[in-house]
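The block underneath contains the structure these notes are about, expressed in C-alpha cells.
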Amino acid sequence: MVSFWRGVLFALVGVSLAGCAGLTQIEDTITKYDQGAHSVSAAEMNFFKSVQTVDCTSQFYLQAIGWANGTEHNFYINGICTPTILTDDQIKTRQALMDAITLYADKMAALASRDDSKTLDTNSQKLASNINNMAKQHQFSALPVAADVEAAIIGISDMVLDQKKFAEIKKAARDMQPDLQTVVMTLQKENIIFAQGIASKIDRIEAALRPLVAAEKQRGMVSFLDLLEARRILQSANPFSTTSLAADPDKDPQNVALQLNKALDAVLNANKAIASAGTGGIIASVNDLIARAQAAQSIQTALNK
Amino acid sequence: MPNNTQKQTLLDAVTAIRSAEQLLMQASRATSDPGTLTKISIEYNQLDSFLSQLLQAQAIADDASFVLATAALKRQATTLQADENDIKKIVADVNTAAQIVGYITQALALIAQL
C-alpha cells in the first residue's frame with residue numbers, strides 16, 4: 001500500500017515537473033520570438049534610413065558634377081539635403097508601424113512569462129498609447145491601405161495596453177494575426193517600392209559618372225586612378241554592399257527588400273504557429289524567424305560598413 | 001490622399017519607369033562615346049526625377065497635395081513623351097530602344113488614369 005502511494009506521489013511530481021519544463025520551453029521560445037521581432041524591426045528601420053542616405057548621396061554627387069560642368073551655379077559640401085523619396089516625418093510614421101510589432105512581441109513575452117505582472121513597463125505603455133493616438137488621428141493615411149493599417153494599429157496597441165482580455169498567449173496570437181498581417185503586408189509592399197527608388201538613385205550616379213570618365217579619355221586626360229575613383233564612388237553609393245549593383249546582384253536593393261520581406265513573413269508565421277501549432281511547431285517557426293532575423297542583421301552590418 | 005486604386009496605379013508606374021531606367025543603363029554600359037553617354041545621362045535624370053515624383057505622390061497624406069502632385073505628373077508626361085523620341089535616336093540597339101519606349105508609354109498610360 002505504501003509503495004502504491006509512493007508511486008502516485010512520484011507520478012504527480014513527474015507530471016508537475018513536465019508541466020514546468022513545457023512552460024519554460026514556451027517562455028523561452030516566446031522570448032526568442034520577441035528578440036527576433038526586435039531584430040527584424042531594427043533591420044527594417046535601417047532600410048528606411050538607407051533610402052534617405054542614397055537619395056542624399058545621389059543629390060550630392062549630381063550637384064557636384066553639375067557645378068564642375070557649369071550647369072549648377074554653386075557647390076555644397078556640408079551634406080545637407082532635402083530627401084526626395086522618404087522624409088523624416090514619413091520615417092517616423094514607419095517607425096510607429098515597427099514599434100507596434102515589437103510592442104506586441106514584448107506583450108506576448110510578458111504573457112508567456114512566469115512573472116505575476118503581465119503588463120509592460122511605463123515607457124512601453126506610453127509608446128503604445130502614442131501609436132494608438134496616431135492611428136486615431138489618421139497619421140498613417142499615406143500608407144497603402146491606410147484605413148486597414150489604422151484599424152490594425154489600434155487593434156494591436158489596444159492589445160498591448162490590455163490588462164484583462166488577453167491573458168492567454170494562444171488566444172492573443174490568434175486574435176492579433178489579421179492585424180499583424182495588415183501591418184506586415186503594408187511594410188512589404190513599401191520595401192519593394194523603396195528598393196526601386198534606391199536602385200534608381202545608385203544607377204543615376206553611374207549614368208552621370210560614365211560620360212565624365214569618357215570625356216576625360218577623349219581629352220587624353222584620363223588615368224587609371226580616375227577609373228579607380230569612379231569605381232570607389234559607385235561602391236560607396238550602394239548602402240548594402242561594397243560593390244556596385246551590376247557587380248553584385250545579390251546586394252541589389254530589390255534582393256535586400258525581398259530578404260527583409262521574408263523576415264517579416266517569419267514574424268507572421270511564428271505568430272500563426274503560436275496561435276495554432278503545438279510546442280514543436282512553435283519552436284520550428286520561431287527558429288526560422290531567428291534565422292531570418294540573423295539574415296536581416298547582416299543587412300544592418302552591410303549598412304554600417 | 002490617393003485611394004487604393006490610385007496608389008496601385010502609381011506603384012505600377014514606378015515599376016515601369018524603373019524597368020526603363022535599367023534598360024537605359026544597359027545602353028550606357030554598352031558604349032564609351034562621351035556624347036552618347038551624356039545624352040543617356042540626361043534621359044536617365046528625367047526618368048529618375050519622374051520616379052521620385054511618383055514615390056512622393058504615393059506617400060502624400062492629404063487630398064489637396066495629391067491633386068497638385070498628380071497635376072504635376074501629368075504635365076511632366078508631355079516631357080517624357082518627347083524623351084521617348086530622343087531615346088529612339090540615342091540608343092543604338094533598336095530593340096532596347098523600343099523596350100524602353102514601351103515601358104515609358106506604359107507609365108504614361110497609367111498616369112493618365114489618375
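Just so we're on the same page: first chain in the C-alpha cells is A, next is B, and so on; residues restart at 1 for each chain, and ligands are numbered from 1 in the order they show up.
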Between chain A and chain B, at 9 Å or less, what are the per-residue closest atom pairs and their distances in Å? Count only C-alpha atoms, order by chain and rising residue number, and return it as CSV.
residue,atom,partner,partner_atom,distance
A:Thr84,CA,B:Ser52,CA,6.2
A:Ile85,CA,B:Gln56,CA,5.7
A:Leu86,CA,B:Gln56,CA,7.5
A:Gln90,CA,B:Ala59,CA,8.0
A:Gln139,CA,B:Ala61,CA,8.1
A:Phe140,CA,B:Ala61,CA,8.0
A:Ser141,CA,B:Ala61,CA,5.5
A:Ala142,CA,B:Ala61,CA,4.3
A:Leu143,CA,B:Ala59,CA,6.4
A:Pro144,CA,B:Asn4,CA,6.7
A:Val145,CA,B:Asn4,CA,6.0
A:Ala146,CA,B:Asn4,CA,8.3
A:Ile193,CA,B:Leu11,CA,7.0
A:Phe194,CA,B:Leu55,CA,8.0
A:Gln196,CA,B:Arg18,CA,6.6
A:Gly197,CA,B:Ser52,CA,7.0
A:Ala199,CA,B:Arg18,CA,8.5
A:Ser200,CA,B:Asp48,CA,6.3
A:Lys201,CA,B:Asp48,CA,7.2
A:Asp203,CA,B:Met25,CA,7.2
A:Arg204,CA,B:Tyr44,CA,6.7
A:Glu206,CA,B:Met25,CA,8.4
A:Ala207,CA,B:Ser41,CA,5.0
A:Ala208,CA,B:Ser41,CA,5.6
A:Leu209,CA,B:Ser41,CA,8.7
A:Arg210,CA,B:Leu37,CA,6.6
A:Pro211,CA,B:Pro34,CA,4.9
A:Leu212,CA,B:Pro34,CA,7.5
A:Val213,CA,B:Pro34,CA,8.2
A:Ala214,CA,B:Pro34,CA,5.1
A:Ala215,CA,B:Pro34,CA,5.2
A:Glu216,CA,B:Pro34,CA,8.8
A:Lys217,CA,B:Pro34,CA,8.9
A:Gln218,CA,B:Pro34,CA,7.7
Practice task
Just the residues within 12 Å of Gln294 of chain A, please, counting only C-alpha atoms, with nothing from its chain fewer than 2 positions along; format it as a list in words.
Solution key: Gln35, Gly36, Ala37, His38, Ser39, Val40, Ser41, Ala42, Ala43, Gln259, Leu260, Lys262, Ala263, Ala266, Asn287, Asp288, Leu289, Ile290, Ala291, Arg292, Ala296, Gln297, Ser298, Ile299, Gln300 and Thr301 of chain A
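Relative to atom CA of Asn261 of chain A, atom CA of Ala107 of chain B is found at 25.7 Å.
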Exercise for the section: DSSP on the backbone, then: every residue of segment 35-205 of chain A marked alpha helix (DSSP H), written as a VMD selection string. Expected result: chain A and resid 35 to 69 88 to 112 122 to 136 146 to 161 169 to 205
Problem - Test item: residues at most 10 Å from Thr57 of chain A, only C-alpha atoms, excluding those fewer than 6 positions along its chain, as a VMD selection string - result: chain A and resid 63 79 81 201 to 202 205 233 236 to 238
Problem - Coordinates-based distance that separates atom CA of Leu108 of chain B from atom CA of Ala77 of chain B (Å, one decimal) - result: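 About the pair atom CA of Ala77 of chain B and atom CA of Leu108 of chain B: they are 6.2 Å apart.
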Exercise for the section: Name the residues in contact with Ala152 of chain A at a cut-off of 9 Å, using only C-alpha atoms, excluding same-chain residues fewer than 2 positions from it; report them as a PyMOL selection string. Expected result: chain A and resi 135+147-150+154-157+176+178-183
Exercise for the section: Kindly give the distance, in Å, that separates atom CA of Gln177 of chain A and atom CA of Gln25 of chain A, rounded to a single decimal. Expected result: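 Pair atom CA of Gln177 of chain A / atom CA of Gln25 of chain A returns 22.1 Å.
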Exercise for the section: Mind checking which residues fall within 8 Å of Ile91 of chain A, counting only C-alpha atoms, ignoring those fewer than 4 positions away in the same chain, and posting them as a PyMOL selection string? Expected result: chain A and resi 48-49+86-87+95
Mind writing the picked residues with N, CA and C atoms as a compact mmCIF listing (two decimals), in the first residue's frame?
# COMPACT_ATOMS: atom_id res chain seq x y z
N PHE A 48 14.83 51.80 -44.20
CA PHE A 48 14.19 53.09 -44.47
C PHE A 48 15.21 54.23 -44.46
N LYS A 49 16.12 54.18 -43.48
CA LYS A 49 17.12 55.25 -43.39
C LYS A 49 18.05 55.22 -44.60
N LEU A 86 11.73 59.78 -49.21
CA LEU A 86 11.19 59.50 -47.88
C LEU A 86 11.65 60.59 -46.92
N THR A 87 10.70 61.37 -46.40
CA THR A 87 11.07 62.46 -45.48
C THR A 87 11.21 61.93 -44.06
N GLN A 95 8.34 54.10 -38.32
CA GLN A 95 8.88 53.67 -37.03
C GLN A 95 7.73 53.22 -36.12
